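Colleague: Dropping in protein-v8.tsv, which is TSV, C-alpha atoms:
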chain	number	residue	atom	x	y	z
A	1	ASP	CA	20.65	1.66	-6.27
A	2	GLY	CA	18.36	1.42	-3.24
A	3	GLY	CA	15.02	-0.30	-3.26
A	4	ILE	CA	12.92	-3.35	-2.56
A	5	THR	CA	13.18	-6.52	-4.58
A	6	GLN	CA	10.69	-9.31	-4.74
A	7	SER	CA	11.31	-12.54	-6.51
A	8	PRO	CA	10.13	-14.18	-8.57
A	9	LYS	CA	7.69	-11.93	-10.44
A	10	TYR	CA	5.47	-14.91	-11.32
A	11	LEU	CA	5.18	-18.10	-9.32
A	12	PHE	CA	3.16	-21.22	-10.02
A	13	ARG	CA	2.50	-23.97	-7.48
A	14	LYS	CA	0.32	-26.99	-7.07
A	15	GLU	CA	-2.33	-27.00	-4.41
A	16	GLY	CA	-1.10	-28.42	-1.13
A	17	GLN	CA	2.45	-27.14	-1.47
A	18	ASN	CA	3.99	-24.48	0.73
A	19	VAL	CA	5.71	-21.66	-1.14
A	20	THR	CA	8.01	-18.90	0.10
A	21	LEU	CA	8.04	-15.43	-1.42
A	22	SER	CA	11.19	-13.41	-1.14
A	23	CYS	CA	11.42	-9.75	-0.10
A	24	GLU	CA	14.71	-7.90	0.30
A	25	GLN	CA	15.39	-4.20	0.93
A	26	ASN	CA	18.61	-2.21	1.03
A	27	LEU	CA	17.03	1.00	2.30
A	28	ASN	CA	18.07	0.36	5.90
A	29	HIS	CA	14.42	0.45	6.90
A	30	ASP	CA	13.30	-0.95	10.24
A	31	ALA	CA	9.71	-1.77	9.30
A	32	MET	CA	8.58	-4.23	6.65
A	33	TYR	CA	5.12	-5.34	5.52
A	34	TRP	CA	3.33	-7.94	3.42
A	35	TYR	CA	0.08	-7.24	1.62
A	36	ARG	CA	-2.18	-9.31	-0.56
A	37	GLN	CA	-4.16	-7.87	-3.46
A	38	ASP	CA	-6.97	-9.64	-5.30
A	39	PRO	CA	-8.28	-8.46	-8.70
A	40	GLY	CA	-10.09	-5.14	-8.44
A	41	GLN	CA	-9.50	-4.97	-4.71
A	42	GLY	CA	-7.39	-2.89	-2.39
A	43	LEU	CA	-4.41	-4.14	-0.42
A	44	ARG	CA	-4.96	-6.25	2.67
A	45	LEU	CA	-2.30	-6.50	5.36
A	46	ILE	CA	-0.96	-10.00	6.08
A	47	TYR	CA	1.94	-9.41	8.46
A	48	TYR	CA	4.22	-6.56	9.48
A	49	SER	CA	7.47	-6.27	11.34
A	50	GLN	CA	8.73	-3.19	13.14
A	51	ILE	CA	12.10	-4.61	14.06
A	52	VAL	CA	14.27	-7.67	13.59
A	53	ASN	CA	13.01	-10.83	15.31
A	54	ASP	CA	9.57	-9.32	15.86
A	55	PHE	CA	6.47	-9.41	13.71
A	56	GLN	CA	2.72	-8.93	14.11
A	57	LYS	CA	-0.33	-10.38	12.39
A	58	GLY	CA	-2.33	-8.17	10.10
A	59	ASP	CA	-5.93	-8.56	9.04
A	60	ILE	CA	-5.55	-11.80	7.07
A	61	ALA	CA	-2.64	-13.72	8.62
A	62	GLU	CA	-4.30	-17.15	8.63
A	63	GLY	CA	-2.48	-19.57	6.34
A	64	TYR	CA	0.65	-17.42	6.17
A	65	SER	CA	3.89	-17.29	8.13
A	66	VAL	CA	6.85	-14.91	8.17
A	67	SER	CA	10.27	-14.51	9.68
A	68	ARG	CA	12.50	-11.49	10.27
A	69	GLU	CA	15.95	-12.78	11.05
A	70	LYS	CA	17.72	-9.98	9.21
A	71	LYS	CA	16.83	-6.33	8.83
A	72	GLU	CA	17.01	-6.59	5.05
A	73	SER	CA	14.81	-9.64	4.59
A	74	PHE	CA	11.17	-10.48	5.34
A	75	PRO	CA	10.17	-13.71	3.56
A	76	LEU	CA	6.53	-14.78	3.43
A	77	THR	CA	5.49	-18.44	3.36
A	78	VAL	CA	2.11	-19.27	1.91
A	79	THR	CA	1.14	-22.55	3.52
A	80	SER	CA	-1.24	-25.23	2.31
A	81	ALA	CA	-3.64	-24.00	4.99
A	82	GLN	CA	-4.33	-20.81	3.01
A	83	LYS	CA	-7.60	-21.57	1.25
A	84	ASN	CA	-7.32	-19.10	-1.64
A	85	PRO	CA	-3.62	-18.38	-2.15
A	86	THR	CA	-3.80	-17.18	-5.75
A	87	ALA	CA	-3.20	-13.43	-5.58
A	88	PHE	CA	-0.76	-10.58	-6.13
A	89	TYR	CA	1.59	-10.24	-3.15
A	90	LEU	CA	3.26	-6.96	-2.31
A	91	CYS	CA	6.07	-6.33	0.11
A	92	ALA	CA	6.81	-2.86	1.49
A	93	SER	CA	9.18	-1.19	3.91
A	94	SER	CA	9.36	2.09	5.79
A	95	ILE	CA	11.98	3.83	7.85
A	96	ARG	CA	9.83	3.35	10.92
A	97	MET	CA	6.26	2.72	11.86
A	98	GLY	CA	4.05	4.70	14.14
A	99	GLY	CA	4.42	7.81	16.19
A	100	LEU	CA	3.65	11.35	15.21
A	101	LEU	CA	6.34	11.34	12.59
A	102	PHE	CA	6.27	11.37	8.84
A	103	TYR	CA	6.93	8.07	7.11
A	104	GLU	CA	5.98	6.50	3.80
A	105	GLN	CA	5.95	2.93	2.61
A	106	TYR	CA	8.11	1.88	-0.31
A	107	PHE	CA	6.66	-1.02	-2.25
A	108	GLY	CA	8.33	-3.76	-4.22
A	109	PRO	CA	7.20	-4.80	-7.72
A	110	GLY	CA	5.10	-7.68	-6.40
A	111	THR	CA	4.89	-11.43	-6.94
A	112	ARG	CA	1.91	-12.91	-8.72
A	113	LEU	CA	1.24	-16.34	-7.23
A	114	THR	CA	-0.97	-18.84	-9.03
A	115	VAL	CA	-1.94	-22.06	-7.28
A	116	THR	CA	-3.73	-24.77	-9.26
B	117	LEU	CA	-10.92	-1.56	11.95
B	118	ALA	CA	-12.89	0.91	9.90
B	119	LYS	CA	-11.18	1.90	6.72
B	120	THR	CA	-11.34	5.11	4.78
B	121	THR	CA	-14.09	5.78	2.25
B	122	GLN	CA	-13.53	7.15	-1.22
B	123	PRO	CA	-15.37	7.10	-4.58
B	124	ILE	CA	-14.95	3.92	-6.57
B	125	SER	CA	-14.16	5.66	-9.84
B	126	MET	CA	-13.77	9.05	-11.51
B	127	ASP	CA	-13.39	10.17	-15.10
B	128	SER	CA	-11.55	13.22	-16.34
B	129	TYR	CA	-10.01	14.72	-19.46
B	130	GLU	CA	-6.45	15.69	-20.09
B	131	GLY	CA	-5.54	19.11	-18.74
B	132	GLN	CA	-8.29	19.21	-16.13
B	133	GLU	CA	-7.82	19.40	-12.39
B	134	VAL	CA	-9.01	16.32	-10.51
B	135	ASN	CA	-10.04	16.32	-6.86
B	136	ILE	CA	-10.52	13.03	-5.04
B	137	THR	CA	-12.03	13.21	-1.57
B	138	CYS	CA	-11.63	10.62	1.16
B	139	SER	CA	-13.47	10.22	4.46
B	140	HIS	CA	-11.40	9.44	7.54
B	141	ASN	CA	-14.12	8.85	10.12
B	142	ASN	CA	-11.89	6.93	12.53
B	143	ILE	CA	-8.65	8.81	12.19
B	144	ALA	CA	-6.52	8.81	15.34
B	145	THR	CA	-4.54	11.69	16.81
B	146	ASN	CA	-1.24	10.19	15.72
B	147	ASP	CA	-2.35	9.21	12.20
B	148	TYR	CA	-1.01	11.02	9.21
B	149	ILE	CA	-3.06	10.95	6.00
B	150	THR	CA	-1.27	9.42	3.06
B	151	TRP	CA	-2.17	9.00	-0.60
B	152	TYR	CA	-0.70	6.41	-2.94
B	153	GLN	CA	-0.97	5.79	-6.68
B	154	GLN	CA	-1.02	2.31	-8.19
B	155	PHE	CA	-0.69	1.22	-11.80
B	156	PRO	CA	-1.78	-2.28	-12.87
B	157	SER	CA	0.53	-5.08	-11.71
B	158	GLN	CA	2.79	-2.68	-9.82
B	159	GLY	CA	3.23	-1.76	-6.19
B	160	PRO	CA	1.66	1.48	-4.96
B	161	ARG	CA	3.75	4.60	-5.09
B	162	PHE	CA	3.68	7.37	-2.49
B	163	ILE	CA	2.16	10.63	-3.70
B	164	ILE	CA	1.74	12.90	-0.72
B	165	GLN	CA	1.23	12.92	3.03
B	166	GLY	CA	-0.07	15.44	5.52
B	167	TYR	CA	-1.37	15.94	9.02
B	168	LYS	CA	-3.52	19.05	8.68
B	169	THR	CA	-4.10	22.13	6.48
B	170	LYS	CA	-2.51	22.03	3.04
B	171	VAL	CA	0.51	20.27	1.68
B	172	THR	CA	1.85	20.68	-1.84
B	173	ASN	CA	4.60	18.90	-3.71
B	174	GLU	CA	5.65	18.68	-7.33
B	175	VAL	CA	2.83	16.34	-8.33
B	176	ALA	CA	-0.16	17.06	-6.08
B	177	SER	CA	-1.76	19.02	-3.29
B	178	LEU	CA	-3.44	17.64	-0.21
B	179	PHE	CA	-6.12	19.52	1.67
B	180	ILE	CA	-7.02	18.45	5.20
B	181	PRO	CA	-9.66	20.38	7.18
B	182	ALA	CA	-9.26	21.19	10.85
B	183	ASP	CA	-11.35	18.23	12.05
B	184	ARG	CA	-9.25	15.84	9.89
B	185	LYS	CA	-12.30	13.74	9.06
B	186	SER	CA	-11.67	14.09	5.35
B	187	SER	CA	-8.90	14.80	2.90
B	188	THR	CA	-8.83	15.88	-0.73
B	189	LEU	CA	-6.13	14.96	-3.17
B	190	SER	CA	-5.82	17.50	-5.95
B	191	LEU	CA	-4.06	16.59	-9.21
B	192	PRO	CA	-3.51	19.68	-11.38
B	193	ARG	CA	-3.77	19.32	-15.15
B	194	VAL	CA	-3.96	15.53	-15.38
B	195	SER	CA	-2.51	13.62	-18.30
B	196	LEU	CA	-3.21	10.16	-19.70
B	197	SER	CA	-0.39	8.78	-17.56
B	198	ASP	CA	-2.32	9.73	-14.42
B	199	THR	CA	-4.82	6.95	-15.17
B	200	ALA	CA	-4.40	4.74	-12.11
B	201	VAL	CA	-5.96	3.73	-8.80
B	202	TYR	CA	-5.53	6.19	-5.95
B	203	TYR	CA	-5.64	5.11	-2.31
B	204	CYS	CA	-6.02	7.20	0.81
B	205	LEU	CA	-5.22	5.81	4.21
B	206	ASP	CA	-4.75	6.68	7.84
B	207	THR	CA	-1.07	5.94	7.87
B	208	ASP	CA	-0.74	3.96	11.09
B	209	LYS	CA	-3.78	1.81	10.43
B	210	LEU	CA	-2.15	0.34	7.33
B	211	ILE	CA	-5.59	-0.24	5.82
B	212	PHE	CA	-5.95	0.34	2.10
B	213	GLY	CA	-9.55	0.56	0.90
B	214	THR	CA	-10.60	-0.31	-2.62
B	215	GLY	CA	-9.25	2.99	-3.91
B	216	THR	CA	-10.52	5.37	-6.58
B	217	ARG	CA	-9.98	4.31	-10.17
B	218	LEU	CA	-9.20	7.48	-12.14
B	219	GLN	CA	-9.59	7.28	-15.91
B	220	VAL	CA	-8.19	10.19	-17.91
B	221	PHE	CA	-9.44	10.58	-21.47
B	222	PRO	CA	-7.74	12.49	-24.31
If you convert what's in this file into structure tokens, what do you get?
Modeller:
Amino acid sequence: DGGITQSPKYLFRKEGQNVTLSCEQNLNHDAMYWYRQDPGQGLRLIYYSQIVNDFQKGDIAEGYSVSREKKESFPLTVTSAQKNPTAFYLCASSIRMGGLLFYEQYFGPGTRLTVT
Amino acid sequence: LAKTTQPISMDSYEGQEVNITCSHNNIATNDYITWYQQFPSQGPRFIIQGYKTKVTNEVASLFIPADRKSSTLSLPRVSLSDTAVYYCLDTDKLIFGTGTRLQVFP
């Protein structure tokens, strides 16, 4: 059964701690993405990766880090430098990114992070 | 990066057709136009995508004029389960605006 998994669904951390959110896909997609969503707001792009061992900053990358060592995995670390980390985090993947070709993003179920 | 513009909210009744229009003032030549649907506490789900003219699938139609500065998502005969937030985006810009919150009433 193909798809994107994010774990855990809910995550609680104390302020000052780094936390890593998991994202795994078995769709054989090259591109992967991380978004953040705050209540009543749209999605904001944190990082994206078009290929293994390469990733680019999105609009709100400060305080976050990522790695793309495997095609299937794109973990996101929320560092203590992120001033307002409490949010709903969504991971997505697509077969490719860019070019005059059709592609859609497939989203995971999300991780709701609460930092107190 | 300028994002797309769409109404904040819309109300409808079951069985009606709903049209949501989006402005794509900064769309690039290689951008497709994509619409997603999101339910609370879930990831967005792809609805439809197009480049120009009209595209139709089993759930919606997408109308894109020749200048591609706007797009209209058409949902025929909505039901209560269509209550959700709908996002339009220029695909390669990866920018989701605040979306349109559609409320369908019985």
Colleague: Hey, list the chain B side of the contact with chain A: 9 Å cut-off, only C-alpha atoms, answer as a PyMOL selection string.
Modeller: chain B and resi 145-148+150+157-162+164-167+203+207-208+210-215
Colleague: I'd like to know which of A:Leu113, A:Val52, A:Leu21, A:Ile60 is closest to Glu72 in chain A, using all atoms listed in the file.
Modeller: A:Val52
Colleague: Which value, in Å to one decimal, gives the distance between CA of Lys185 in chain B and CA of Glu133 in chain B?
Modeller: 22.6 Å
Colleague: State, in Å with one decimal place, the distance from CA of Gly131 in chain B to CA of Thr169 in chain B.
Modeller: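 Between CA of Gly131 in chain B and CA of Thr169 in chain B the gap works out to 25.4 Å.
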Colleague: In Å, how far is it from CA of Asn26 in chain A to CA of Leu76 in chain A?
Modeller: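 Taking CA of Asn26 in chain A as the start and CA of Leu76 in chain A as the end point, the length is 17.6 Å.
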Colleague: I'd like the neighbourhood of Ser187 in chain B as an MDAnalysis selection string, where a residue qualifies if any of its atoms comes within 9 Å (using all atoms listed in the file), though same-chain residues fewer than 4 positions away should be ignored.
Modeller: chainID B and resid 136:140 149 168 178:181 204
Colleague: Please return as a list in words every residue within 10 Å of (-14.1, 5.6, 12.7), taking into account only C-alpha atoms and the file's own coordinates.
Modeller: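 Nearby residues: Leu117, Ala118, Lys119, Thr120, Ser139, His140, Asn141, Asn142, Ile143, Ala144 and Lys185 of chain B.
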